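As provided, final_37.cif (mmCIF, C-alpha atoms) reads as follows.
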```
data_final
loop_
_atom_site.label_atom_id
_atom_site.label_comp_id
_atom_site.auth_asym_id
_atom_site.auth_seq_id
_atom_site.Cartn_x
_atom_site.Cartn_y
_atom_site.Cartn_z
CA MET A 1 24.99 -30.04 -23.08
CA ALA A 2 22.18 -28.07 -21.44
CA ASN A 3 21.04 -29.55 -18.17
CA TYR A 4 20.35 -28.51 -14.61
CA GLU A 5 24.03 -28.47 -13.58
CA ASN A 6 24.72 -25.82 -16.22
CA ILE A 7 22.03 -23.44 -15.01
CA MET A 8 21.61 -24.09 -11.28
CA ASP A 9 24.27 -21.55 -10.23
CA ALA A 10 23.90 -19.19 -13.19
CA ASN A 11 22.70 -16.25 -11.09
CA ASN A 12 25.37 -16.78 -8.44
CA LYS A 13 28.10 -16.25 -11.05
CA ARG A 14 26.68 -12.88 -12.14
CA THR A 15 27.53 -9.53 -10.62
CA PRO A 16 24.77 -7.54 -8.92
CA SER A 17 24.67 -5.10 -11.83
CA GLU A 18 24.28 -7.97 -14.33
CA ARG A 19 21.45 -9.45 -12.24
CA ARG A 20 19.80 -6.04 -11.99
CA GLU A 21 20.05 -5.56 -15.78
CA LEU A 22 18.59 -9.03 -16.45
CA ALA A 23 15.78 -8.40 -13.96
CA ARG A 24 15.01 -5.07 -15.69
CA LYS A 25 14.85 -6.78 -19.08
CA ALA A 26 12.64 -9.53 -17.67
CA GLY A 27 10.33 -6.93 -16.14
CA GLU A 28 10.04 -5.09 -19.45
CA ALA A 29 9.28 -8.35 -21.30
CA SER A 30 6.69 -9.25 -18.67
CA GLY A 31 5.04 -5.83 -19.05
CA ARG A 32 4.93 -6.20 -22.85
CA ALA A 33 3.33 -9.65 -22.51
CA ARG A 34 0.74 -8.36 -20.01
CA ARG A 35 -0.14 -5.43 -22.26
CA ARG A 36 -0.44 -7.74 -25.29
CA LYS A 37 -2.75 -10.11 -23.38
CA ALA A 38 -4.83 -7.18 -22.11
CA ALA A 39 -5.15 -5.82 -25.64
CA LEU A 40 -6.25 -9.25 -26.87
CA ARG A 41 -8.87 -9.45 -24.08
CA ASP A 42 -10.15 -5.97 -24.96
CA THR A 43 -10.35 -6.87 -28.66
CA MET A 44 -12.14 -10.14 -27.87
CA ASN A 45 -14.65 -8.40 -25.60
CA ARG A 46 -15.28 -5.69 -28.18
CA CYS A 47 -15.81 -8.27 -30.94
CA LEU A 48 -18.08 -10.43 -28.78
CA THR A 49 -20.34 -7.46 -28.04
CA MET A 50 -20.66 -6.48 -31.71
CA ARG A 51 -24.05 -7.03 -33.26
CA ALA A 52 -24.36 -9.69 -35.93
CA HIS A 53 -27.09 -11.45 -37.86
CA VAL A 54 -27.27 -15.22 -38.27
CA GLU A 55 -30.32 -16.69 -39.97
CA GLY A 56 -32.58 -18.37 -37.47
CA LEU A 57 -30.63 -17.55 -34.31
CA SER A 58 -30.71 -13.75 -34.49
CA ASP A 59 -34.48 -13.66 -34.92
CA VAL A 60 -34.99 -15.83 -31.83
CA LEU A 61 -32.59 -13.70 -29.76
CA ILE A 62 -34.18 -10.40 -30.79
CA ALA A 63 -37.69 -11.75 -30.18
CA ASP A 64 -36.60 -12.69 -26.64
CA GLY A 65 -35.25 -9.20 -25.93
CA GLY A 66 -31.61 -9.91 -26.83
CA GLU A 67 -29.35 -7.81 -28.99
CA SER A 68 -28.05 -10.55 -31.31
CA THR A 69 -24.38 -10.05 -30.42
CA TYR A 70 -21.71 -12.60 -31.28
CA GLU A 71 -21.64 -13.57 -27.61
CA GLU A 72 -25.38 -14.35 -27.63
CA ILE A 73 -25.16 -16.15 -30.97
CA ILE A 74 -22.28 -18.34 -29.74
CA THR A 75 -24.21 -19.11 -26.58
CA MET A 76 -27.28 -20.12 -28.58
CA ALA A 77 -25.11 -22.26 -30.86
CA MET A 78 -23.65 -24.02 -27.79
CA ILE A 79 -27.14 -24.62 -26.45
CA ASN A 80 -28.22 -26.02 -29.81
CA GLN A 81 -25.19 -28.35 -29.84
CA ALA A 82 -25.96 -29.48 -26.30
CA MET A 83 -29.57 -30.17 -27.31
CA LEU A 84 -28.24 -32.38 -30.11
CA GLY A 85 -26.30 -34.43 -27.56
CA ASP A 86 -22.86 -32.79 -27.59
CA VAL A 87 -21.61 -33.51 -24.06
CA LYS A 88 -18.68 -31.08 -24.33
CA ALA A 89 -21.06 -28.25 -25.19
CA TYR A 90 -23.29 -29.23 -22.26
CA ASN A 91 -20.32 -29.32 -19.85
CA ALA A 92 -19.11 -25.93 -21.10
CA ILE A 93 -22.55 -24.44 -20.50
CA MET A 94 -22.73 -25.94 -17.00
CA LYS A 95 -19.28 -24.57 -16.20
CA VAL A 96 -20.26 -21.07 -17.33
CA VAL A 97 -23.45 -21.03 -15.25
CA GLY A 98 -21.63 -22.43 -12.20
CA GLN A 99 -23.29 -25.83 -12.01
CA THR A 100 -21.39 -29.03 -11.46
CA ASP A 101 -22.15 -32.69 -11.81
CA LYS A 102 -20.49 -33.41 -8.47
CA SER A 103 -22.63 -34.03 -5.41
CA ASP A 104 -22.24 -32.01 -2.22
CA ALA A 105 -20.55 -35.04 -0.64
CA ASP A 106 -18.00 -35.13 -3.50
CA LEU A 107 -17.30 -31.42 -3.14
CA GLU A 108 -16.87 -31.78 0.64
CA GLU A 109 -14.52 -34.73 0.16
CA GLN A 110 -12.48 -32.70 -2.32
CA ARG A 111 -12.27 -29.80 0.15
CA ILE A 112 -11.10 -32.16 2.91
CA ARG A 113 -8.44 -33.70 0.67
CA THR A 114 -7.21 -30.26 -0.33
CA ASP A 115 -6.98 -29.18 3.32
CA ARG A 116 -5.05 -32.36 4.20
CA ALA A 117 -2.65 -31.81 1.31
CA LYS A 118 -2.05 -28.21 2.43
CA ARG A 119 -1.36 -29.30 6.00
CA ALA A 120 1.02 -32.03 4.80
CA ARG A 121 2.85 -29.53 2.60
CA ASP A 122 3.10 -27.05 5.49
CA GLN A 123 4.52 -29.75 7.77
CA GLU A 124 7.11 -30.70 5.14
CA VAL A 125 8.19 -27.11 4.72
CA GLY A 126 8.11 -26.57 8.46
CA ASP A 127 5.37 -23.99 8.36
CA ASP A 128 3.29 -25.01 11.35
CA GLY A 129 1.66 -21.60 11.73
CA ASP A 130 -1.83 -21.22 10.32
CA GLN A 131 -1.22 -18.40 7.85
CA GLU A 132 -4.77 -18.41 6.47
CA GLU A 133 -6.19 -17.94 9.97
CA ASN A 134 -3.73 -15.10 10.61
CA ILE A 135 -4.82 -13.39 7.39
CA GLN A 136 -8.49 -13.78 8.30
CA ASN A 137 -7.87 -12.37 11.80
CA PHE A 138 -6.01 -9.41 10.29
CA LEU A 139 -8.83 -8.72 7.83
CA LYS A 140 -11.39 -9.01 10.65
CA ALA A 141 -9.40 -6.50 12.70
CA MET A 142 -9.30 -4.12 9.75
CA ARG A 143 -13.10 -4.29 9.30
CA PRO A 144 -14.63 -4.98 12.72
CA THR A 145 -18.35 -5.57 13.04
CA ASP A 146 -20.52 -3.53 15.41
CA GLU A 147 -20.63 -6.56 17.71
CA ASP A 148 -16.81 -6.74 17.77
CA LEU A 149 -16.57 -3.05 18.62
CA GLU A 150 -19.15 -3.34 21.43
CA GLU A 151 -17.29 -6.34 22.84
CA LEU A 152 -13.97 -4.48 22.64
CA PHE A 153 -15.30 -1.40 24.43
CA ALA A 154 -17.10 -3.54 27.03
CA ASP A 155 -13.76 -5.22 27.85
CA GLN A 156 -12.06 -1.81 28.15
CA GLU A 157 -14.80 -0.48 30.46
CA LYS A 158 -14.49 -3.57 32.65
CA GLU A 159 -10.71 -3.08 32.90
CA GLU A 160 -11.21 0.59 33.83
CA ASP A 161 -13.73 -0.40 36.53
CA ASP A 162 -11.27 -3.00 37.90
CA ASP A 163 -8.49 -0.38 37.97
CA ALA A 164 -10.76 2.06 39.80
CA GLU A 165 -11.64 -0.58 42.43
CA GLU A 166 -7.94 -1.33 42.97
CA ALA A 167 -7.24 2.38 43.42
CA GLU A 168 -10.05 2.61 46.02
CA GLU A 169 -8.73 -0.40 47.90
CA THR A 170 -5.21 0.97 48.08
CA GLY A 171 -6.52 4.37 49.15
CA GLU A 172 -8.22 2.89 52.23
CA VAL A 173 -5.01 1.50 53.68
#
```

When written as structure tokens, how does the structure in this file appear?
Amino acid sequence: MANYENIMDANNKRTPSERRELARKAGEASGRARRRKAALRDTMNRCLTMRAHVEGLSDVLIADGGESTYEEIITMAMINQAMLGDVKAYNAIMKVVGQTDKSDADLEEQRIRTDRAKRARDQEVGDDGDQEENIQNFLKAMRPTDEDLEELFADQEKEEDDDAEEAEETGEV
């Protein structure tokens, strides 16, 4: 009977060489899957950019400066469906162009809920450090603005002036 008890310690019972061999096979399978998906994307992109002629649609596209590719024809067909009242077509179009039916207040509420859920998860796991802030600080340090650099050098000059004053004071004694 296959259940969690049968598989939960499966890796612990294997030797390091067996685990290494399984990991190698998994990596090869993963690479094959990635290459297959990439080839499918390339084929789809190539086909979508091929020119085609569809009565009625192609003439409109070419008159408007388009090339009458499958991509343009599909887009026009979606627009036609949306004009006929197809809500799914309308929602697909809005998603593609980046519009949403949610108000700014709804989007803000969703952002707040997501932040709360992240904080709750971090507390459960015991991760009380703000990793996102650390990442942002690191990225800021890697690409400082002119203002950051001026502020940094101003602080260094001030420290050097303070050190020089201390040296003068000790020299007078």

(request) Would you work out the distance separating CA of Lys118 in chain A from CA of Gln136 in chain A, expressed in Å to one decimal? (result) 16.9 Å

Need the axis-aligned box for range 86-94 of chain A with 6 Å each side, so what are the centre and edges in Å to one decimal, as JSON?
```
{"center_x": -21.0, "center_y": -29.0, "center_z": -22.3, "size_x": 16.6, "size_y": 21.1, "size_z": 22.6}
```

(request) Give me, please, the distance in Å between CA of Arg36 in chain A and CA of His53 in chain A, quoted to one decimal. (result) 29.7 Å

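The coordinates place CA of Leu48 in chain A at 6.5 Å from CA of Thr69 in chain A.
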
Enumerate, as a PDB file with C-alpha atoms, keeping the file's coordinate frame, the residues matched when the PyMOL selection byres ((chain A and resi 72) around 12) is run on the file above.
```
ATOM      1  CA  CYS A  47     -15.810  -8.270 -30.940  1.00  0.00           C
ATOM      2  CA  LEU A  48     -18.080 -10.430 -28.780  1.00  0.00           C
ATOM      3  CA  THR A  49     -20.340  -7.460 -28.040  1.00  0.00           C
ATOM      4  CA  MET A  50     -20.660  -6.480 -31.710  1.00  0.00           C
ATOM      5  CA  ARG A  51     -24.050  -7.030 -33.260  1.00  0.00           C
ATOM      6  CA  ALA A  52     -24.360  -9.690 -35.930  1.00  0.00           C
ATOM      7  CA  HIS A  53     -27.090 -11.450 -37.860  1.00  0.00           C
ATOM      8  CA  VAL A  54     -27.270 -15.220 -38.270  1.00  0.00           C
ATOM      9  CA  LEU A  57     -30.630 -17.550 -34.310  1.00  0.00           C
ATOM     10  CA  SER A  58     -30.710 -13.750 -34.490  1.00  0.00           C
ATOM     11  CA  ASP A  59     -34.480 -13.660 -34.920  1.00  0.00           C
ATOM     12  CA  VAL A  60     -34.990 -15.830 -31.830  1.00  0.00           C
ATOM     13  CA  LEU A  61     -32.590 -13.700 -29.760  1.00  0.00           C
ATOM     14  CA  ILE A  62     -34.180 -10.400 -30.790  1.00  0.00           C
ATOM     15  CA  ASP A  64     -36.600 -12.690 -26.640  1.00  0.00           C
ATOM     16  CA  GLY A  65     -35.250  -9.200 -25.930  1.00  0.00           C
ATOM     17  CA  GLY A  66     -31.610  -9.910 -26.830  1.00  0.00           C
ATOM     18  CA  GLU A  67     -29.350  -7.810 -28.990  1.00  0.00           C
ATOM     19  CA  SER A  68     -28.050 -10.550 -31.310  1.00  0.00           C
ATOM     20  CA  THR A  69     -24.380 -10.050 -30.420  1.00  0.00           C
ATOM     21  CA  TYR A  70     -21.710 -12.600 -31.280  1.00  0.00           C
ATOM     22  CA  GLU A  71     -21.640 -13.570 -27.610  1.00  0.00           C
ATOM     23  CA  ILE A  73     -25.160 -16.150 -30.970  1.00  0.00           C
ATOM     24  CA  ILE A  74     -22.280 -18.340 -29.740  1.00  0.00           C
ATOM     25  CA  THR A  75     -24.210 -19.110 -26.580  1.00  0.00           C
ATOM     26  CA  MET A  76     -27.280 -20.120 -28.580  1.00  0.00           C
ATOM     27  CA  ALA A  77     -25.110 -22.260 -30.860  1.00  0.00           C
ATOM     28  CA  MET A  78     -23.650 -24.020 -27.790  1.00  0.00           C
ATOM     29  CA  ILE A  79     -27.140 -24.620 -26.450  1.00  0.00           C
TER      30      ILE A  79
END
```

(request) Give as an MDAnalysis selection string each residue that has an atom at most 12 Å from (-21.3, -26.3, -20.5) in the file, counting all atoms listed in the file. (result) chainID A and resid 75:83 85:101
